[in-house]
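What's in query_21.cif: mmCIF, C-alpha atoms
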data_work
#
loop_
_atom_site.label_atom_id
_atom_site.label_comp_id
_atom_site.auth_asym_id
_atom_site.auth_seq_id
_atom_site.Cartn_x
_atom_site.Cartn_y
_atom_site.Cartn_z
CA MET A 1 0.00 0.00 0.00
CA ASN A 2 2.82 2.38 0.92
CA TYR A 3 4.53 1.62 -2.37
CA LEU A 4 1.34 2.44 -4.29
CA ILE A 5 1.19 5.88 -2.66
CA LEU A 6 4.88 6.47 -3.41
CA SER A 7 4.20 5.47 -7.00
CA ALA A 8 1.28 7.91 -7.22
CA ILE A 9 3.44 10.72 -5.81
CA LEU A 10 6.29 10.03 -8.26
CA PHE A 11 3.83 9.85 -11.17
CA THR A 12 2.36 13.24 -10.23
CA ILE A 13 5.82 14.81 -9.91
CA GLY A 14 6.67 13.48 -13.37
CA ALA A 15 3.44 14.89 -14.82
CA VAL A 16 4.16 18.30 -13.26
CA GLY A 17 7.61 18.21 -14.83
CA VAL A 18 6.18 17.44 -18.27
CA LEU A 19 3.80 20.38 -17.96
CA VAL A 20 6.25 22.90 -16.48
CA ARG A 21 9.62 22.29 -18.11
CA ARG A 22 10.43 23.44 -21.63
CA ASN A 23 13.77 21.78 -22.32
CA ALA A 24 12.81 18.77 -24.44
CA ILE A 25 15.38 16.51 -22.77
CA VAL A 26 14.10 17.31 -19.28
CA VAL A 27 10.52 16.75 -20.44
CA PHE A 28 11.66 13.38 -21.70
CA MET A 29 13.28 12.53 -18.38
CA CYS A 30 10.02 13.38 -16.62
CA VAL A 31 8.19 10.94 -18.92
CA GLU A 32 10.75 8.31 -17.87
CA LEU A 33 9.97 9.11 -14.24
CA MET A 34 6.27 8.52 -14.89
CA LEU A 35 7.01 5.17 -16.55
CA ASN A 36 9.17 4.19 -13.56
CA ALA A 37 6.37 5.11 -11.17
CA THR A 38 3.93 2.83 -13.00
CA ASN A 39 6.54 0.06 -12.91
CA LEU A 40 6.72 0.42 -9.14
CA ALA A 41 2.93 0.07 -8.95
CA PHE A 42 3.06 -3.08 -11.13
CA VAL A 43 5.77 -4.67 -9.01
CA SER A 44 4.00 -3.88 -5.75
CA PHE A 45 0.74 -5.37 -7.11
CA SER A 46 2.70 -8.45 -8.11
CA HIS A 47 3.97 -8.70 -4.53
CA GLN A 48 0.46 -8.13 -3.17
CA HIS A 49 -1.23 -10.84 -5.24
CA GLY A 50 1.61 -13.34 -5.16
CA ASN A 51 1.94 -13.91 -8.90
CA LEU A 52 4.56 -12.81 -11.39
CA ASP A 53 2.38 -11.23 -14.11
CA GLY A 54 2.95 -7.75 -12.70
CA GLN A 55 6.70 -8.18 -12.93
CA ILE A 56 6.40 -9.37 -16.55
CA ILE A 57 4.38 -6.27 -17.44
CA ALA A 58 6.96 -4.06 -15.71
CA PHE A 59 9.59 -5.82 -17.81
CA PHE A 60 7.67 -5.03 -21.01
CA VAL A 61 7.27 -1.41 -19.92
CA MET A 62 11.06 -1.23 -19.58
CA VAL A 63 11.54 -2.63 -23.11
CA VAL A 64 9.07 -0.17 -24.61
CA ALA A 65 10.63 2.69 -22.63
CA ALA A 66 14.09 1.83 -23.95
CA ALA A 67 12.80 1.84 -27.55
CA GLU A 68 10.94 5.10 -26.91
CA VAL A 69 14.04 6.77 -25.48
CA VAL A 70 16.13 5.81 -28.50
CA VAL A 71 13.63 7.20 -31.02
CA GLY A 72 12.76 10.25 -28.92
CA LEU A 73 16.36 11.29 -28.41
CA ALA A 74 17.00 10.81 -32.13
CA ILE A 75 14.09 13.17 -32.86
CA ILE A 76 15.46 15.70 -30.36
CA MET A 77 18.87 15.47 -32.05
CA ALA A 78 17.30 15.96 -35.51
CA ILE A 79 15.34 19.01 -34.32
CA PHE A 80 18.41 20.41 -32.59
CA ARG A 81 20.44 20.02 -35.78
CA SER A 82 17.98 21.96 -37.91
CA ARG A 83 16.91 24.62 -35.36
CA ARG A 84 19.82 24.82 -32.88
CA SER A 85 17.43 24.61 -29.96
CA SER A 86 16.14 21.93 -27.62
CA SER A 87 13.23 23.96 -26.29
CA VAL A 88 9.78 22.55 -26.95
CA ASP A 89 8.44 26.06 -27.62
CA ASP A 90 10.61 26.48 -30.71
CA ALA A 91 9.15 23.52 -32.58
CA ASN A 92 5.85 25.20 -33.46
CA LEU A 93 5.52 24.90 -37.23
CA LEU A 94 2.43 22.69 -36.95
CA LYS A 95 0.75 25.07 -34.53
CA TYR A 96 -1.93 26.70 -36.72
CA MET B 1 11.81 0.67 7.45
CA ILE B 2 13.36 0.16 4.01
CA PHE B 3 10.30 1.76 2.43
CA TRP B 4 10.86 4.99 4.34
CA LEU B 5 14.50 5.10 3.31
CA ILE B 6 13.43 4.71 -0.33
CA ALA B 7 10.70 7.33 0.01
CA ILE B 8 12.99 9.84 1.70
CA ALA B 9 15.61 9.32 -1.03
CA SER B 10 13.34 9.30 -4.05
CA VAL B 11 10.66 11.96 -3.50
CA PRO B 12 13.05 14.91 -2.86
CA ALA B 13 15.23 13.71 -5.74
CA ALA B 14 12.21 13.63 -8.05
CA LEU B 15 11.13 17.10 -6.93
CA GLY B 16 14.67 18.36 -7.43
CA MET B 17 14.75 16.81 -10.88
CA VAL B 18 11.70 18.83 -11.90
CA PHE B 19 12.75 22.13 -10.36
CA VAL B 20 16.53 22.20 -10.83
CA ARG B 21 17.49 24.49 -13.72
CA LYS B 22 20.39 22.61 -15.30
CA ALA B 23 19.54 19.57 -17.38
CA VAL B 24 22.62 17.63 -16.20
CA HIS B 25 21.61 18.03 -12.56
CA SER B 26 18.14 16.76 -13.47
CA ALA B 27 19.70 13.68 -15.06
CA LEU B 28 21.81 12.95 -11.97
CA LEU B 29 18.80 13.35 -9.67
CA LEU B 30 16.84 11.01 -11.97
CA ALA B 31 19.64 8.48 -11.44
CA VAL B 32 19.04 8.72 -7.68
CA VAL B 33 15.31 8.07 -8.19
CA MET B 34 15.99 5.10 -10.47
CA LEU B 35 18.49 3.53 -8.08
CA SER B 36 16.11 3.88 -5.15
CA LEU B 37 13.38 2.27 -7.26
CA ALA B 38 15.79 -0.60 -7.93
CA VAL B 39 16.18 -1.01 -4.15
CA SER B 40 12.41 -1.05 -3.76
CA TYR B 41 12.09 -3.77 -6.44
CA ALA B 42 14.58 -5.84 -4.48
CA ALA B 43 12.52 -5.26 -1.33
CA LEU B 44 9.36 -6.36 -3.20
CA GLU B 45 10.94 -9.73 -4.08
CA ALA B 46 11.73 -8.81 -7.69
CA PRO B 47 15.54 -9.23 -7.83
CA PHE B 48 15.63 -9.70 -11.61
CA LEU B 49 13.79 -6.43 -12.23
CA ALA B 50 16.04 -4.70 -9.70
CA PHE B 51 19.11 -5.68 -11.70
CA VAL B 52 17.43 -4.82 -15.01
CA GLN B 53 16.49 -1.44 -13.57
CA VAL B 54 20.11 -0.71 -12.67
CA ILE B 55 21.55 -2.04 -15.94
CA VAL B 56 18.97 -0.78 -18.44
CA TYR B 57 17.77 2.44 -16.84
CA THR B 58 20.66 3.79 -14.84
CA GLY B 59 23.24 2.21 -17.10
CA ALA B 60 21.92 2.58 -20.62
CA VAL B 61 19.03 5.04 -20.73
CA LEU B 62 20.56 7.67 -18.47
CA MET B 63 23.92 7.45 -20.20
CA LEU B 64 22.09 8.00 -23.50
CA PHE B 65 20.43 11.06 -21.97
CA LEU B 66 23.77 12.42 -20.79
CA PHE B 67 25.31 11.70 -24.19
CA VAL B 68 22.61 13.66 -26.02
CA MET B 69 23.00 16.46 -23.47
CA MET B 70 26.71 16.67 -24.28
CA LEU B 71 25.83 16.94 -28.00
CA VAL B 72 23.04 19.46 -27.54
CA GLY B 73 25.00 21.59 -25.08
CA VAL B 74 25.23 21.16 -21.33
CA SER B 75 24.78 24.84 -20.69
CA SER B 76 21.32 24.99 -22.28
CA THR B 77 19.39 26.03 -19.20
CA ASP B 78 15.68 26.73 -19.28
CA SER B 79 14.57 30.31 -19.16
CA LEU B 80 12.20 30.77 -16.25
CA VAL B 81 9.78 33.04 -18.12
CA GLU B 82 6.31 31.61 -18.56
CA THR B 83 5.25 31.52 -22.20
CA ILE B 84 1.61 30.78 -21.43
CA ARG B 85 0.31 33.06 -18.71
CA GLY B 86 -0.90 31.22 -15.61
CA GLN B 87 0.56 27.91 -16.80
CA ARG B 88 2.39 27.19 -13.54
CA LEU B 89 -0.66 27.97 -11.41
CA ALA B 90 -2.82 25.75 -13.63
CA THR B 91 -0.19 23.00 -13.40
CA GLY B 92 -0.21 23.26 -9.61
CA ILE B 93 -4.01 22.98 -9.51
CA ILE B 94 -3.95 20.00 -11.87
CA ALA B 95 -1.24 18.30 -9.79
CA VAL B 96 -3.17 18.77 -6.53
CA ALA B 97 -6.39 17.57 -8.16
CA PHE B 98 -4.65 14.55 -9.66
CA ILE B 99 -2.99 13.49 -6.42
CA ALA B 100 -6.34 13.97 -4.61
CA LEU B 101 -8.03 11.76 -7.20
CA LEU B 102 -5.38 9.07 -6.91
CA SER B 103 -5.38 9.08 -3.12
CA ALA B 104 -9.18 8.99 -3.03
CA GLY B 105 -9.02 5.94 -5.29
CA LEU B 106 -6.29 4.33 -3.21
CA GLY B 107 -8.13 5.16 0.01
CA LYS B 108 -11.09 3.04 -1.07
CA VAL B 109 -8.93 0.03 -1.84
CA VAL B 110 -9.00 -2.68 0.79
CA LEU B 111 -5.86 -4.75 0.52
CA GLY B 112 -5.32 -7.71 2.76
CA SER B 113 -1.85 -8.55 3.94
CA ALA B 114 0.49 -9.05 0.99
CA LYS B 115 0.69 -12.65 -0.20
CA GLY B 116 4.37 -12.38 -1.05
CA LEU B 117 6.11 -14.24 -3.81
CA GLN B 118 7.61 -17.16 -1.88
CA ALA B 119 5.50 -19.69 -3.80
CA ALA B 120 6.01 -18.10 -7.22
CA ASN B 121 9.73 -17.63 -6.61
CA SER B 122 10.30 -21.14 -5.25
CA ASP B 123 12.57 -22.06 -8.20
CA GLY B 124 14.17 -18.63 -8.12
CA ASN B 125 12.80 -15.39 -9.51
CA VAL B 126 14.41 -15.74 -12.94
CA MET B 127 13.01 -19.25 -13.43
CA GLY B 128 9.55 -18.11 -12.39
CA LEU B 129 9.64 -15.10 -14.73
CA ALA B 130 10.93 -17.23 -17.62
CA ARG B 131 8.15 -19.76 -17.08
CA VAL B 132 5.48 -17.05 -17.36
CA LEU B 133 7.25 -15.09 -20.13
CA PHE B 134 7.77 -18.04 -22.48
CA THR B 135 4.32 -19.55 -22.05
CA LYS B 136 1.61 -17.00 -21.36
CA TYR B 137 3.32 -13.94 -22.83
CA VAL B 138 5.37 -15.53 -25.61
CA PHE B 139 3.52 -13.65 -28.36
CA ALA B 140 4.08 -10.28 -26.68
CA PHE B 141 7.73 -11.23 -26.24
CA GLU B 142 8.10 -11.97 -29.96
CA VAL B 143 6.36 -8.72 -30.92
CA THR B 144 8.87 -6.90 -28.71
CA SER B 145 11.66 -7.99 -31.03
CA ALA B 146 9.91 -6.28 -33.95
CA LEU B 147 9.55 -3.15 -31.83
CA LEU B 148 13.23 -3.12 -30.94
CA ILE B 149 14.36 -3.57 -34.53
CA THR B 150 12.01 -0.81 -35.68
CA ALA B 151 13.29 1.51 -32.96
CA ALA B 152 16.93 0.88 -33.84
CA LEU B 153 16.23 1.47 -37.55
CA GLY B 154 14.20 4.58 -36.75
CA ALA B 155 17.01 6.05 -34.66
CA MET B 156 19.52 5.38 -37.45
CA VAL B 157 17.26 6.97 -40.09
CA LEU B 158 16.52 10.01 -37.94
CA THR B 159 20.13 10.74 -37.10
CA HIS B 160 21.50 9.98 -40.58
CA ARG B 161 22.63 12.99 -42.59
CA GLU B 162 23.45 13.08 -46.28
CA ARG B 163 26.50 15.12 -47.28
CA THR B 164 25.32 17.88 -49.63
CA THR B 165 28.81 19.01 -50.68
CA PRO B 166 31.75 16.68 -51.32
CA LYS B 167 34.28 16.44 -48.52
CA ALA B 168 37.22 18.84 -48.99
CA THR B 169 40.49 17.05 -49.70
CA GLN B 170 43.73 17.87 -47.91
CA LYS B 171 45.00 19.61 -51.07
CA GLN B 172 41.93 21.86 -51.26
CA LEU B 173 42.16 22.70 -47.55
CA SER B 174 45.83 23.61 -47.93
CA GLN B 175 45.16 25.82 -50.97
CA GLU B 176 42.34 27.54 -49.11
CA ARG B 177 44.62 28.26 -46.18
CA PHE B 178 47.46 29.77 -48.26
CA LEU B 179 45.11 31.85 -50.42
CA GLY B 180 43.43 33.21 -47.31
CA ASP B 181 44.81 36.05 -45.19
CA HIS B 182 46.28 33.93 -42.40
CA PRO B 183 48.47 31.02 -43.56
CA THR B 184 50.09 30.40 -40.17
CA PRO B 185 48.25 28.95 -37.21
CA LEU B 186 46.48 31.45 -34.98
CA PRO B 187 48.37 32.36 -31.80
CA GLY B 188 47.25 30.33 -28.82
CA PRO B 189 46.17 32.08 -25.66
CA GLY B 190 49.26 30.67 -23.98
CA THR B 191 51.78 32.89 -25.83
CA TYR B 192 53.26 35.09 -23.10
CA ALA B 193 50.25 34.20 -21.02
CA ARG B 194 49.89 36.03 -17.74
CA HIS B 195 46.48 34.55 -16.91
CA ASN B 196 45.50 30.91 -17.02
CA SER B 197 42.19 31.53 -18.77
CA VAL B 198 41.21 30.99 -22.41
CA ASP B 199 39.24 34.23 -22.69
CA MET B 200 42.25 36.47 -22.03
CA PRO B 201 44.08 37.37 -25.28
CA ALA B 202 47.68 36.34 -25.86
CA LEU B 203 50.41 38.96 -25.92
CA LEU B 204 52.40 38.94 -29.15
CA PRO B 205 56.24 39.28 -29.02
CA ASP B 206 55.98 43.03 -29.64
CA GLY B 207 53.82 43.36 -26.55
CA THR B 208 50.42 43.95 -28.17
CA ALA B 209 47.39 41.89 -27.33
CA SER B 210 46.20 39.58 -30.12
CA GLU B 211 42.42 39.35 -30.38
CA LEU B 212 42.87 36.44 -32.84
CA SER B 213 44.00 34.20 -30.00
CA VAL B 214 40.62 34.26 -28.27
CA ASN B 215 37.97 31.80 -29.37
CA PRO B 216 35.32 33.86 -31.26
CA VAL B 217 32.55 32.31 -29.17
CA LEU B 218 34.23 33.52 -25.99
CA ALA B 219 35.15 36.90 -27.49
CA ARG B 220 31.49 37.59 -28.24
CA ARG B 221 30.53 36.95 -24.63
CA ALA B 222 30.56 40.23 -22.75
CA SER B 223 31.83 40.82 -19.21
CA THR B 224 33.39 37.54 -18.25
CA ALA B 225 35.72 39.56 -15.98
CA SER B 226 33.60 38.80 -12.93
CA LEU B 227 34.40 35.10 -13.36
CA HIS B 228 38.15 35.60 -12.93
CA ALA B 229 39.71 35.33 -9.53
CA ASP B 230 43.15 36.53 -10.71
CA LEU B 231 41.99 39.91 -12.10
CA HIS B 232 41.33 41.20 -8.57
CA GLY B 233 38.22 43.13 -9.60
CA LYS B 234 39.79 44.93 -12.57
CA SER B 235 38.08 44.86 -15.96
CA GLU B 236 39.67 42.80 -18.73
CA GLN B 237 40.84 45.89 -20.61
CA GLU B 238 42.67 47.23 -17.54
CA ALA B 239 44.26 43.84 -16.93
CA ILE B 240 45.40 43.59 -20.58
CA ALA B 241 46.84 47.12 -20.49
CA GLU B 242 48.78 46.21 -17.37
CA ASP B 243 50.10 43.02 -19.03
CA VAL B 244 51.20 44.96 -22.13
CA ALA B 245 53.02 47.46 -19.93
CA ALA B 246 54.75 44.63 -18.04
CA VAL B 247 55.96 42.96 -21.26
CA LYS B 248 57.23 46.29 -22.69
CA GLU B 249 59.10 46.89 -19.41
CA ILE B 250 60.96 43.58 -19.83
CA GLU B 251 61.80 44.30 -23.47
CA LYS B 252 63.44 47.67 -22.71
#
When written as structure tokens, how does the structure in this file appear?
Amino acid sequence: MNYLILSAILFTIGAVGVLVRRNAIVVFMCVELMLNATNLAFVSFSHQHGNLDGQIIAFFVMVVAAAEVVVGLAIIMAIFRSRRSSSVDDANLLKY
Amino acid sequence: MIFWLIAIASVPAALGMVFVRKAVHSALLLAVVMLSLAVSYAALEAPFLAFVQVIVYTGAVLMLFLFVMMLVGVSSTDSLVETIRGQRLATGIIAVAFIALLSAGLGKVVLGSAKGLQAANSDGNVMGLARVLFTKYVFAFEVTSALLITAALGAMVLTHRERTTPKATQKQLSQERFLGDHPTPLPGPGTYARHNSVDMPALLPDGTASELSVNPVLARRASTASLHADLHGKSEQEAIAEDVAAVKEIEK
């Protein structure tokens, strides 16, 4: 139960970071924090119910997160190369 | 007991990660959060995931983050000006509402005492996980391989860059240098250096300061004098004038 509350708190902190920060890399790290918080919830549910499915799902979340980080950082690099900026406010060509 | 240690380590680190200005500091604080989560996985009888967390997240993902930060520029700090007015206030309200919602949901949950994983881990955690992964979730596991290959290809395509002009040969570079106005190498800041800093110009043998010796990026930056301890509060111009006078004195 304690771990679930910790997971909720970490998830909220990550969400606040995504909303507040404007450096794309930091926004990305906050998304990673949210994924980690959900992993903690999965693992603590697995411990609660006494079966390993929660741990397997946490494992899959890690795999997807690793793939997401690779592609996301490549996109950040591509944007930085063309616009010399890693701020999310500067990538606004699709805005209107 | 171990839970409180984890909570005390991870929550302030997570808050610091969000509110610290420099991206590198955020990355290091994220490493603290990830390591404490690895400890909590170990405490929740998931030793395999604890190791994977350390190896994959703290080892690979965070190093990738730091690597990209080195490429993009470590010094790129966020400006603290709000672009959308009232965004921070709205974020605060949303955060409070969200945590209230989650804790209301968690408050209604009635959990008995935890069953623990002694039975499931009887052959060891890795054996138990493998048994579930390669029977019940084998299709998801196979699909994961497609995802990983696609991600690796995507990263390569996104970071690939075609050369638009042919690469200059050594001959062309040499011709360019001798046809230009400065065939010799530029003076380094260490020539007759009297300060151990790269933004102070070198003194040429005749005692004049050479602006060519300063990196143009640094030369454009105004008022770095406050960062020097060895100028003793003087401006850079005064310090350079004093250096020139000192060199001329020796030459006499």
Using only C-alpha atoms, which residues sit within 12 Å of stretch 141-149 of chain B once same-chain residues fewer than 2 positions away are excluded, as an MDAnalysis selection string?
(chainID A and resid 56:57 59:71) or (chainID B and resid 130 132:139 151:156)
Chain A near chain B within 6 Å: what's each residue's closest atom pair and its distance in Å to one decimal, counting only C-alpha atoms, ordered by chain then ascending residue number, as a tab-separated table?
residue	atom	partner	partner_atom	distance
A:Gly17	CA	B:Val18	CA	5.1
A:His47	CA	B:Gly116	CA	5.1
A:Gln48	CA	B:Ala114	CA	4.3
A:His49	CA	B:Lys115	CA	5.7
A:Gly50	CA	B:Leu117	CA	4.8
A:Ala67	CA	B:Ala151	CA	5.4
A:Val71	CA	B:Ala155	CA	5.1
A:Ala74	CA	B:Ala155	CA	5.4
Which of A:Arg22, A:Tyr3, A:Leu52, A:Ala8 sits closest to A:Ala91 [using all atoms listed in the file]
A:Arg22
Can you tell me how far atom CA of B:Thr169 sits from atom CA of B:Ser213, in Å to one decimal?
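Answer for the atom CA of B:Thr169 to atom CA of B:Ser213 separation: 26.4 Å.
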With all atoms listed in the file as the atoms that count, which of A:Ala78, A:Leu73, A:Val20, A:Ala37 lies nearest to B:Arg85?
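Counting all atoms listed in the file, the residue closest to B:Arg85 is A:Val20.
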Atom CA of B:Glu242 and atom CA of B:Met200 are how many Å apart?
12.6 Å
Between atom CA of A:Leu33 and atom CA of A:Val88 lies a distance of 18.5 Å
Taking all atoms of stretch 65-73 of chain A that appear in the file, build a box with edges along x, y and z, extend it by 3 Å on every side, and state its centre and edge lengths in Å to one decimal, as AutoDock Vina command-line options.
--center_x 13.5 --center_y 6.6 --center_z -26.8 --size_x 11.7 --size_y 15.5 --size_z 14.4
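Residues in contact range of A:Asn39, defined as at most 9 Å between all atoms listed in the file, with sequence neighbours fewer than 3 positions away removed, read Ser7, Met34, Leu35, Asn36, Phe42, Val43, Ser44, Gly54, Gln55, Ile57, Ala58, Phe59, Val61 and Met62 of chain A.
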Which residue gives the smallest distance to A:Cys30 among A:Ser46, A:Asp89, A:Ile75, A:Phe11, with all atoms listed in the file counted?
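Checking each candidate against A:Cys30, we get A:Phe11 as the closest.
The residue that comes closest to A:Leu4, out of B:Gly105, B:Ile2, B:Met70, B:Pro166 and on the basis of all atoms listed in the file, is B:Gly105.
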Top pick for closest residue to B:Leu5, considering B:Leu101, B:Ala31, B:Val39, B:Ile250 and counting all atoms listed in the file
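For B:Leu5, the nearest of the candidates is B:Val39.
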